[in-house]
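Text of data_12.cif (mmCIF, C-alpha atoms) as supplied:
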```cif
data_upload
#
loop_
_atom_site.group_PDB
_atom_site.id
_atom_site.type_symbol
_atom_site.label_atom_id
_atom_site.label_comp_id
_atom_site.auth_asym_id
_atom_site.auth_seq_id
_atom_site.Cartn_x
_atom_site.Cartn_y
_atom_site.Cartn_z
ATOM 1 C CA MET A 1 8.105 -19.066 -29.896
ATOM 2 C CA GLU A 2 5.601 -20.469 -27.417
ATOM 3 C CA PHE A 3 6.951 -24.005 -27.940
ATOM 4 C CA GLU A 4 10.504 -22.743 -27.486
ATOM 5 C CA ASP A 5 9.600 -21.040 -24.203
ATOM 6 C CA ARG A 6 7.946 -24.219 -22.928
ATOM 7 C CA TYR A 7 11.008 -26.227 -23.931
ATOM 8 C CA ARG A 8 13.317 -23.888 -22.062
ATOM 9 C CA GLN A 9 11.127 -24.048 -18.968
ATOM 10 C CA ALA A 10 11.053 -27.846 -19.102
ATOM 11 C CA GLN A 11 14.838 -27.966 -19.357
ATOM 12 C CA ARG A 12 15.382 -25.480 -16.551
ATOM 13 C CA PRO A 13 17.045 -27.174 -13.549
ATOM 14 C CA LYS A 14 15.308 -27.161 -10.168
ATOM 15 C CA TYR A 15 18.163 -25.255 -8.519
ATOM 16 C CA ASP A 16 20.121 -22.351 -9.946
ATOM 17 C CA CYS A 17 22.231 -21.580 -6.850
ATOM 18 C CA LEU A 18 24.108 -23.543 -4.191
ATOM 19 C CA LEU A 19 24.688 -21.562 -0.985
ATOM 20 C CA PHE A 20 27.428 -23.019 1.225
ATOM 21 C CA ASP A 21 28.420 -22.395 4.808
ATOM 22 C CA LEU A 22 32.202 -22.564 5.218
ATOM 23 C CA ASP A 23 33.499 -23.924 8.525
ATOM 24 C CA ASP A 24 32.703 -27.554 9.375
ATOM 25 C CA THR A 25 30.723 -27.753 6.134
ATOM 26 C CA LEU A 26 33.349 -27.717 3.392
ATOM 27 C CA TYR A 27 35.783 -29.549 5.664
ATOM 28 C CA PRO A 28 35.173 -31.965 8.582
ATOM 29 C CA LEU A 29 34.818 -31.001 12.235
ATOM 30 C CA SER A 30 37.727 -33.338 12.966
ATOM 31 C CA SER A 31 40.144 -30.803 11.439
ATOM 32 C CA GLY A 32 40.350 -29.121 14.835
ATOM 33 C CA LEU A 33 39.608 -25.558 13.696
ATOM 34 C CA ALA A 34 36.340 -25.371 15.636
ATOM 35 C CA ALA A 35 38.009 -26.474 18.877
ATOM 36 C CA GLY A 36 40.828 -24.008 18.317
ATOM 37 C CA CYS A 37 38.386 -21.201 17.613
ATOM 38 C CA ARG A 38 36.464 -21.933 20.797
ATOM 39 C CA LYS A 39 39.632 -21.843 22.885
ATOM 40 C CA ASN A 40 40.779 -18.600 21.265
ATOM 41 C CA ILE A 41 37.414 -16.966 21.966
ATOM 42 C CA GLU A 42 37.671 -17.956 25.620
ATOM 43 C CA ASP A 43 41.225 -16.619 25.794
ATOM 44 C CA TYR A 44 40.091 -13.340 24.234
ATOM 45 C CA MET A 45 37.330 -12.974 26.804
ATOM 46 C CA VAL A 46 39.837 -13.414 29.623
ATOM 47 C CA GLU A 47 42.891 -11.603 28.239
ATOM 48 C CA ARG A 48 41.304 -8.721 26.343
ATOM 49 C CA LEU A 49 37.958 -8.202 28.066
ATOM 50 C CA GLY A 50 39.004 -9.082 31.616
ATOM 51 C CA ILE A 51 36.228 -11.609 32.202
ATOM 52 C CA ASP A 52 36.694 -14.012 35.117
ATOM 53 C CA LYS A 53 37.999 -17.319 33.766
ATOM 54 C CA ASN A 54 35.645 -19.261 36.028
ATOM 55 C CA LYS A 55 32.641 -17.618 34.380
ATOM 56 C CA ILE A 56 33.702 -18.200 30.777
ATOM 57 C CA ALA A 57 32.051 -21.580 30.181
ATOM 58 C CA GLU A 58 28.556 -20.601 31.353
ATOM 59 C CA LEU A 59 28.733 -17.102 29.887
ATOM 60 C CA GLY A 60 29.986 -18.307 26.516
ATOM 61 C CA ASN A 61 27.257 -20.937 26.292
ATOM 62 C CA LEU A 62 24.511 -18.401 27.037
ATOM 63 C CA LEU A 63 25.878 -15.876 24.549
ATOM 64 C CA TYR A 64 26.175 -18.432 21.755
ATOM 65 C CA LYS A 65 22.727 -19.868 22.437
ATOM 66 C CA ASN A 66 20.947 -16.530 22.581
ATOM 67 C CA TYR A 67 22.813 -14.450 19.987
ATOM 68 C CA GLY A 68 24.079 -16.837 17.347
ATOM 69 C CA THR A 69 27.764 -16.168 17.973
ATOM 70 C CA THR A 70 29.728 -15.359 21.116
ATOM 71 C CA MET A 71 30.953 -12.189 19.441
ATOM 72 C CA ALA A 72 27.404 -10.954 18.823
ATOM 73 C CA GLY A 73 26.494 -11.771 22.404
ATOM 74 C CA LEU A 74 29.469 -9.927 23.863
ATOM 75 C CA ARG A 75 28.483 -6.797 21.958
ATOM 76 C CA ALA A 76 24.874 -7.144 23.083
ATOM 77 C CA ILE A 77 25.660 -7.277 26.787
ATOM 78 C CA GLY A 78 27.887 -4.206 26.647
ATOM 79 C CA TYR A 79 31.438 -5.110 25.624
ATOM 80 C CA ASP A 80 32.931 -2.967 22.889
ATOM 81 C CA PHE A 81 35.996 -3.984 20.900
ATOM 82 C CA ASP A 82 37.570 -3.702 17.480
ATOM 83 C CA TYR A 83 36.078 -6.309 15.135
ATOM 84 C CA ASP A 84 39.262 -6.784 13.112
ATOM 85 C CA GLU A 85 41.314 -7.256 16.282
ATOM 86 C CA TYR A 86 38.807 -9.811 17.562
ATOM 87 C CA HIS A 87 38.911 -11.807 14.332
ATOM 88 C CA SER A 88 42.689 -11.611 14.194
ATOM 89 C CA PHE A 89 42.959 -12.951 17.742
ATOM 90 C CA VAL A 90 40.345 -15.686 17.316
ATOM 91 C CA HIS A 91 41.365 -16.900 13.843
ATOM 92 C CA GLY A 92 45.015 -15.889 13.721
ATOM 93 C CA ARG A 93 46.229 -18.862 15.740
ATOM 94 C CA LEU A 94 44.088 -21.598 14.191
ATOM 95 C CA PRO A 95 45.735 -24.797 12.877
ATOM 96 C CA TYR A 96 45.122 -24.021 9.198
ATOM 97 C CA GLU A 97 47.861 -26.515 8.370
ATOM 98 C CA ASN A 98 45.328 -29.256 9.204
ATOM 99 C CA LEU A 99 43.373 -28.308 6.074
ATOM 100 C CA LYS A 100 44.624 -29.994 2.923
ATOM 101 C CA PRO A 101 43.739 -29.484 -0.748
ATOM 102 C CA ASP A 102 40.522 -31.312 -1.592
ATOM 103 C CA PRO A 103 40.603 -32.223 -5.311
ATOM 104 C CA VAL A 104 37.531 -34.452 -4.946
ATOM 105 C CA LEU A 105 35.345 -31.599 -3.709
ATOM 106 C CA ARG A 106 36.927 -29.241 -6.215
ATOM 107 C CA ASN A 107 35.963 -31.496 -9.121
ATOM 108 C CA LEU A 108 32.443 -31.918 -7.754
ATOM 109 C CA LEU A 109 31.945 -28.152 -7.517
ATOM 110 C CA LEU A 110 33.480 -27.343 -10.885
ATOM 111 C CA GLY A 111 31.285 -29.996 -12.476
ATOM 112 C CA LEU A 112 28.174 -27.998 -11.640
ATOM 113 C CA PRO A 113 27.307 -25.033 -13.902
ATOM 114 C CA CYS A 114 24.982 -23.317 -11.413
ATOM 115 C CA ARG A 115 25.908 -20.410 -9.155
ATOM 116 C CA LYS A 116 27.894 -21.294 -6.028
ATOM 117 C CA VAL A 117 28.211 -18.787 -3.156
ATOM 118 C CA ILE A 118 29.805 -18.952 0.303
ATOM 119 C CA PHE A 119 27.784 -17.594 3.263
ATOM 120 C CA THR A 120 29.744 -17.508 6.523
ATOM 121 C CA ASN A 121 29.655 -15.635 9.826
ATOM 122 C CA ALA A 122 33.460 -15.538 9.729
ATOM 123 C CA ASP A 123 35.573 -12.634 8.476
ATOM 124 C CA LYS A 124 36.930 -12.375 4.933
ATOM 125 C CA VAL A 125 40.559 -13.090 5.882
ATOM 126 C CA HIS A 126 39.603 -16.392 7.517
ATOM 127 C CA ALA A 127 37.341 -17.349 4.601
ATOM 128 C CA ALA A 128 40.112 -16.698 2.089
ATOM 129 C CA LYS A 129 42.613 -18.752 4.123
ATOM 130 C CA VAL A 130 40.264 -21.725 4.404
ATOM 131 C CA LEU A 131 39.340 -21.736 0.723
ATOM 132 C CA GLY A 132 42.983 -21.349 -0.218
ATOM 133 C CA ARG A 133 44.083 -24.271 1.939
ATOM 134 C CA LEU A 134 41.318 -26.443 0.462
ATOM 135 C CA GLY A 135 42.212 -25.402 -3.081
ATOM 136 C CA LEU A 136 38.670 -24.107 -3.655
ATOM 137 C CA GLU A 137 39.326 -20.371 -3.967
ATOM 138 C CA ASP A 138 38.148 -20.238 -7.599
ATOM 139 C CA CYS A 139 35.119 -22.520 -7.186
ATOM 140 C CA PHE A 140 32.706 -19.840 -5.952
ATOM 141 C CA GLU A 141 31.153 -16.760 -7.443
ATOM 142 C CA GLY A 142 31.631 -14.832 -4.227
ATOM 143 C CA ILE A 143 31.686 -14.774 -0.449
ATOM 144 C CA ILE A 144 29.107 -13.305 1.902
ATOM 145 C CA CYS A 145 31.016 -12.889 5.166
ATOM 146 C CA PHE A 146 31.039 -10.880 8.392
ATOM 147 C CA GLU A 147 32.125 -7.667 6.661
ATOM 148 C CA THR A 148 29.392 -8.041 4.030
ATOM 149 C CA LEU A 149 26.646 -7.929 6.659
ATOM 150 C CA ASN A 150 28.509 -5.650 9.088
ATOM 151 C CA PRO A 151 30.257 -3.017 6.934
ATOM 152 C CA ILE A 152 30.537 -0.566 9.815
ATOM 153 C CA HIS A 153 31.115 -0.887 13.561
ATOM 154 C CA LYS A 154 27.722 -0.103 15.043
ATOM 155 C CA SER A 155 27.848 1.147 18.616
ATOM 156 C CA THR A 156 24.118 1.627 19.012
ATOM 157 C CA ILE A 157 20.978 -0.194 17.997
ATOM 158 C CA SER A 158 18.891 1.343 15.247
ATOM 159 C CA ASP A 159 15.318 0.462 14.428
ATOM 160 C CA ASP A 160 16.090 -1.139 11.069
ATOM 161 C CA GLU A 161 15.345 -4.746 10.162
ATOM 162 C CA ASP A 162 18.953 -5.852 10.510
ATOM 163 C CA ASP A 163 19.132 -5.600 14.298
ATOM 164 C CA ILE A 164 19.284 -9.089 15.695
ATOM 165 C CA GLU A 165 17.264 -10.763 18.405
ATOM 166 C CA PHE A 166 17.477 -14.453 19.241
ATOM 167 C CA VAL A 167 15.909 -16.936 21.627
ATOM 168 C CA GLY A 168 15.356 -16.149 25.274
ATOM 169 C CA SER A 169 13.043 -13.179 25.004
ATOM 170 C CA THR A 170 9.971 -12.117 23.067
ATOM 171 C CA SER A 171 11.133 -8.527 23.088
ATOM 172 C CA ALA A 172 14.419 -6.702 23.372
ATOM 173 C CA SER A 173 15.724 -3.750 25.302
ATOM 174 C CA THR A 174 18.298 -1.195 24.294
ATOM 175 C CA PRO A 175 21.892 -2.285 24.879
ATOM 176 C CA PRO A 176 23.635 -1.384 28.136
ATOM 177 C CA SER A 177 25.159 2.064 28.254
ATOM 178 C CA ASN A 178 28.925 2.589 28.155
ATOM 179 C CA ASN A 179 30.826 0.667 30.867
ATOM 180 C CA GLU A 180 27.625 -1.086 31.933
ATOM 181 C CA ILE A 181 27.646 -4.860 31.389
ATOM 182 C CA PHE A 182 24.356 -6.729 31.326
ATOM 183 C CA ASP A 183 24.571 -9.791 33.609
ATOM 184 C CA ILE A 184 23.080 -12.456 31.336
ATOM 185 C CA VAL A 185 24.029 -15.251 33.749
ATOM 186 C CA ALA A 186 22.004 -13.626 36.539
ATOM 187 C CA HIS A 187 19.224 -12.945 34.043
ATOM 188 C CA PHE A 188 18.742 -16.640 33.340
ATOM 189 C CA SER A 189 19.331 -17.617 36.971
ATOM 190 C CA SER A 190 16.316 -15.561 38.009
ATOM 191 C CA LEU A 191 12.965 -17.353 38.085
ATOM 192 C CA ASN A 192 11.193 -14.241 36.842
ATOM 193 C CA PRO A 193 13.714 -11.987 35.132
ATOM 194 C CA ALA A 194 12.481 -8.408 35.148
ATOM 195 C CA MET A 195 14.600 -7.271 32.196
ATOM 196 C CA VAL A 196 14.462 -8.474 28.616
ATOM 197 C CA LEU A 197 17.632 -9.364 26.759
ATOM 198 C CA PRO A 198 19.491 -6.495 25.078
ATOM 199 C CA LYS A 199 19.859 -6.594 21.302
ATOM 200 C CA THR A 200 23.100 -6.940 19.415
ATOM 201 C CA PRO A 201 24.306 -4.592 16.676
ATOM 202 C CA ILE A 202 25.966 -7.521 14.884
ATOM 203 C CA VAL A 203 24.154 -9.153 11.962
ATOM 204 C CA CYS A 204 24.796 -12.899 11.693
ATOM 205 C CA LYS A 205 23.235 -16.329 11.216
ATOM 206 C CA PRO A 206 20.929 -17.786 12.471
ATOM 207 C CA SER A 207 19.008 -14.515 12.384
ATOM 208 C CA GLU A 208 16.397 -14.613 9.633
ATOM 209 C CA ALA A 209 17.107 -10.927 9.010
ATOM 210 C CA ALA A 210 20.754 -11.789 8.345
ATOM 211 C CA ILE A 211 19.852 -14.591 5.938
ATOM 212 C CA GLU A 212 17.321 -12.409 4.132
ATOM 213 C CA ARG A 213 19.903 -9.666 3.762
ATOM 214 C CA ALA A 214 22.459 -12.123 2.374
ATOM 215 C CA LEU A 215 19.961 -13.420 -0.177
ATOM 216 C CA LYS A 216 19.156 -9.880 -1.239
ATOM 217 C CA ILE A 217 22.813 -8.869 -1.567
ATOM 218 C CA ALA A 218 23.617 -11.872 -3.755
ATOM 219 C CA ASN A 219 20.310 -11.699 -5.666
ATOM 220 C CA ILE A 220 19.429 -15.269 -4.682
ATOM 221 C CA ASP A 221 15.955 -16.798 -5.028
ATOM 222 C CA PRO A 222 15.485 -19.033 -1.959
ATOM 223 C CA GLN A 223 12.950 -21.201 -3.779
ATOM 224 C CA ARG A 224 15.625 -22.205 -6.299
ATOM 225 C CA THR A 225 18.563 -22.502 -3.901
ATOM 226 C CA LEU A 226 20.147 -25.354 -1.932
ATOM 227 C CA PHE A 227 21.565 -24.217 1.418
ATOM 228 C CA PHE A 228 24.398 -26.370 2.827
ATOM 229 C CA GLU A 229 25.066 -25.979 6.578
ATOM 230 C CA ASP A 230 26.434 -27.916 9.550
ATOM 231 C CA SER A 231 24.319 -25.927 12.046
ATOM 232 C CA VAL A 232 20.814 -27.247 12.742
ATOM 233 C CA ARG A 233 19.481 -23.860 13.834
ATOM 234 C CA ASN A 234 20.894 -22.173 10.722
ATOM 235 C CA ILE A 235 19.264 -24.870 8.600
ATOM 236 C CA GLN A 236 15.932 -24.331 10.317
ATOM 237 C CA ALA A 237 16.128 -20.558 9.899
ATOM 238 C CA GLY A 238 16.911 -20.992 6.212
ATOM 239 C CA LYS A 239 14.031 -23.412 5.795
ATOM 240 C CA ARG A 240 11.605 -20.899 7.288
ATOM 241 C CA LEU A 241 12.702 -18.454 4.596
ATOM 242 C CA GLY A 242 12.018 -20.900 1.786
ATOM 243 C CA LEU A 243 15.503 -22.285 1.158
ATOM 244 C CA HIS A 244 15.965 -25.955 0.289
ATOM 245 C CA THR A 245 18.255 -27.255 3.006
ATOM 246 C CA VAL A 246 21.114 -29.752 3.312
ATOM 247 C CA LEU A 247 22.483 -30.563 6.775
ATOM 248 C CA VAL A 248 26.168 -31.507 6.541
ATOM 249 C CA GLY A 249 28.084 -33.588 9.095
ATOM 250 C CA THR A 250 25.459 -36.213 9.888
ATOM 251 C CA SER A 251 23.309 -38.667 7.958
ATOM 252 C CA HIS A 252 20.436 -38.059 10.401
ATOM 253 C CA ARG A 253 17.861 -35.728 8.880
ATOM 254 C CA VAL A 254 16.392 -33.367 11.471
ATOM 255 C CA LYS A 255 13.376 -31.087 11.305
ATOM 256 C CA GLY A 256 14.025 -28.360 8.754
ATOM 257 C CA ALA A 257 16.555 -30.354 6.729
ATOM 258 C CA ASP A 258 15.495 -31.656 3.332
ATOM 259 C CA TYR A 259 18.689 -33.695 3.025
ATOM 260 C CA ALA A 260 21.439 -34.839 5.403
ATOM 261 C CA LEU A 261 25.024 -35.657 4.387
ATOM 262 C CA GLU A 262 27.638 -37.343 6.548
ATOM 263 C CA SER A 263 30.222 -35.472 4.466
ATOM 264 C CA ILE A 264 30.105 -32.819 1.770
ATOM 265 C CA HIS A 265 31.755 -35.477 -0.419
ATOM 266 C CA ASN A 266 28.430 -37.351 -0.417
ATOM 267 C CA ILE A 267 26.729 -34.579 -2.350
ATOM 268 C CA ARG A 268 26.607 -36.460 -5.662
ATOM 269 C CA GLU A 269 25.089 -39.594 -4.118
ATOM 270 C CA ALA A 270 22.499 -37.607 -2.155
ATOM 271 C CA LEU A 271 21.643 -35.110 -4.901
ATOM 272 C CA PRO A 272 22.171 -36.823 -8.264
ATOM 273 C CA GLU A 273 19.618 -34.486 -9.824
ATOM 274 C CA LEU A 274 22.214 -31.706 -9.725
ATOM 275 C CA TRP A 275 24.400 -33.639 -12.132
ATOM 276 C CA ASP A 276 21.427 -34.867 -14.180
ATOM 277 C CA ALA A 277 20.451 -31.236 -14.708
ATOM 278 C CA ALA A 278 24.044 -30.356 -15.599
ATOM 279 C CA ASP A 279 24.157 -33.147 -18.183
ATOM 280 C CA LYS A 280 20.881 -32.010 -19.749
ATOM 281 C CA LEU A 281 22.105 -28.434 -19.809
ATOM 282 C CA SER A 282 25.219 -29.432 -21.715
ATOM 283 C CA GLU A 283 23.092 -31.176 -24.345
ATOM 284 C CA VAL A 284 20.880 -28.181 -25.044
ATOM 285 C CA THR A 285 21.911 -25.044 -26.879
ATOM 286 C CA TYR A 286 20.138 -21.923 -25.649
ATOM 287 C CA SER A 287 19.656 -18.730 -27.549
ATOM 288 C CA GLY A 288 19.602 -15.294 -25.950
ATOM 289 C CA LYS A 289 21.873 -13.148 -23.856
ATOM 290 C CA VAL A 290 24.392 -14.511 -21.409
ATOM 291 C CA THR A 291 24.017 -13.230 -17.851
ATOM 292 C CA VAL A 292 27.228 -11.876 -16.359
ATOM 293 C CA GLU A 293 27.377 -12.687 -12.656
ATOM 294 C CA THR A 294 28.582 -10.021 -10.255
ATOM 295 C CA PRO A 295 30.868 -11.191 -7.424
ATOM 296 C CA VAL A 296 29.565 -10.501 -3.930
ATOM 297 C CA THR A 297 32.835 -10.871 -2.052
ATOM 298 C CA ALA A 298 33.091 -8.338 0.770
#
```

Could I get this file's structure written as structure tokens?
Amino acid sequence: MEFEDRYRQAQRPKYDCLLFDLDDTLYPLSSGLAAGCRKNIEDYMVERLGIDKNKIAELGNLLYKNYGTTMAGLRAIGYDFDYDEYHSFVHGRLPYENLKPDPVLRNLLLGLPCRKVIFTNADKVHAAKVLGRLGLEDCFEGIICFETLNPIHKSTISDDEDDIEFVGSTSASTPPSNNEIFDIVAHFSSLNPAMVLPKTPIVCKPSEAAIERALKIANIDPQRTLFFEDSVRNIQAGKRLGLHTVLVGTSHRVKGADYALESIHNIREALPELWDAADKLSEVTYSGKVTVETPVTA
């Protein structure tokens, strides 16, 4: 029995889960979805929230930089809106037709016997559309998306670990009261800002709390997981939590990235050990119970 246990441990692959971002990771930035999403967000800010068009560029940049997503930043500084309506507006007019079935990536994913999970800040409707267009809808155990981490519309900040705070302040204040909008542009224009940044009720990457919650929901061990992302700051946050990291979209490896891939299609060349482990697994017959995986789709 002791020899058998040692044998199983020796044959155990280094990674038992692959955690994938969705947008600009499973398909290239050149598809145009990111540019379309950015334009739609700006249009939403003007048309639905009544923000001055001339202030959009600076405001949007500050919100994205300090809160992870523009949406999270808008909620932090005092704007309230329906999350489903926002996602419908921002994603509903994207050029999904630019995404084509990707049989190469599909075969790569299906050739790996380990767990494969999507982790995206986007909503579930968008995630399903993207995976469907790529022909990858049955390649993943489940999807951790916006609704997974934000099951209810929070109007106030609680004191739990899921409240998000990003760069720009070492502490956070309560969010502005109803109809009061925090002027984040003026905040950063001041040499000595008197107020700290308000917190957001939205849970999203690159918050470490968001990543930790996702790992807990999907029962993922970060020490045995490869995290694929196109965002450097998301990669670095994941690395701080013990994930093995793969930056996608560039061959230049930055701080926090264990690997860097110009394209997700380069995964086999960059990580041949995944397939070596799969080949060894197919050659060995294990005894014992089979674990039934539980989907984590929101």

query: In Å, with one decimal, what is the gap from CA of Thr25 in chain A to CA of Leu261 in chain A?
result: 9.9 Å

field: the PyMOL selection byres ((chain A and resi 145) around 12) applied to the shown file, residues as number ranges by chain
entry: A: 20-23, 117-128, 142-144, 146-151, 203-205, 210-211, 213-214, 217-218, 296-298

query: Suppose you want the space between CA of Asp183 in chain A and CA of Phe89 in chain A; what is it in Å?
result: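 Rounded to one decimal, the two atoms are 24.5 Å apart.
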
Atomic separation - CA of Arg38 in chain A relative to CA of Lys100 in chain A, Å: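 Distance reported for this atom pair: 21.2 Å.
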
Evaluate the PyMOL selection byres ((chain A and resi 224-229) around 8) and report residues as a PDB file with C-alpha atoms, in the coordinates of the input:
```pdb
ATOM      1  CA  LYS A  14      15.308 -27.161 -10.168  1.00  0.00           C
ATOM      2  CA  TYR A  15      18.163 -25.255  -8.519  1.00  0.00           C
ATOM      3  CA  ASP A  16      20.121 -22.351  -9.946  1.00  0.00           C
ATOM      4  CA  CYS A  17      22.231 -21.580  -6.850  1.00  0.00           C
ATOM      5  CA  LEU A  18      24.108 -23.543  -4.191  1.00  0.00           C
ATOM      6  CA  LEU A  19      24.688 -21.562  -0.985  1.00  0.00           C
ATOM      7  CA  PHE A  20      27.428 -23.019   1.225  1.00  0.00           C
ATOM      8  CA  ASP A  21      28.420 -22.395   4.808  1.00  0.00           C
ATOM      9  CA  THR A  25      30.723 -27.753   6.134  1.00  0.00           C
ATOM     10  CA  ILE A 220      19.429 -15.269  -4.682  1.00  0.00           C
ATOM     11  CA  ASP A 221      15.955 -16.798  -5.028  1.00  0.00           C
ATOM     12  CA  PRO A 222      15.485 -19.033  -1.959  1.00  0.00           C
ATOM     13  CA  GLN A 223      12.950 -21.201  -3.779  1.00  0.00           C
ATOM     14  CA  ASP A 230      26.434 -27.916   9.550  1.00  0.00           C
ATOM     15  CA  SER A 231      24.319 -25.927  12.046  1.00  0.00           C
ATOM     16  CA  VAL A 232      20.814 -27.247  12.742  1.00  0.00           C
ATOM     17  CA  ASN A 234      20.894 -22.173  10.722  1.00  0.00           C
ATOM     18  CA  ILE A 235      19.264 -24.870   8.600  1.00  0.00           C
ATOM     19  CA  GLY A 238      16.911 -20.992   6.212  1.00  0.00           C
ATOM     20  CA  LEU A 243      15.503 -22.285   1.158  1.00  0.00           C
ATOM     21  CA  HIS A 244      15.965 -25.955   0.289  1.00  0.00           C
ATOM     22  CA  THR A 245      18.255 -27.255   3.006  1.00  0.00           C
ATOM     23  CA  VAL A 246      21.114 -29.752   3.312  1.00  0.00           C
ATOM     24  CA  LEU A 247      22.483 -30.563   6.775  1.00  0.00           C
ATOM     25  CA  VAL A 248      26.168 -31.507   6.541  1.00  0.00           C
TER      26      VAL A 248
END
```

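Using all atoms listed in the file, the smallest distance between any of A:Ser31, A:Ser251, A:Asn40, A:Asn266 and Arg93 in chain A comes from A:Asn40.
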
field: Residue with smallest distance to Gly32 in chain A - pool A:Leu59, A:Val104, A:Val46, A:Leu94, counting only C-alpha atoms
entry: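 Among A:Leu59, A:Val104, A:Val46, A:Leu94, it is A:Leu94 that comes nearest to Gly32 in chain A.
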
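The residue that comes closest to Leu108 in chain A, out of A:Arg268, A:Ser207, A:Leu215, A:Ser88 and on the basis of only C-alpha atoms, is A:Arg268.
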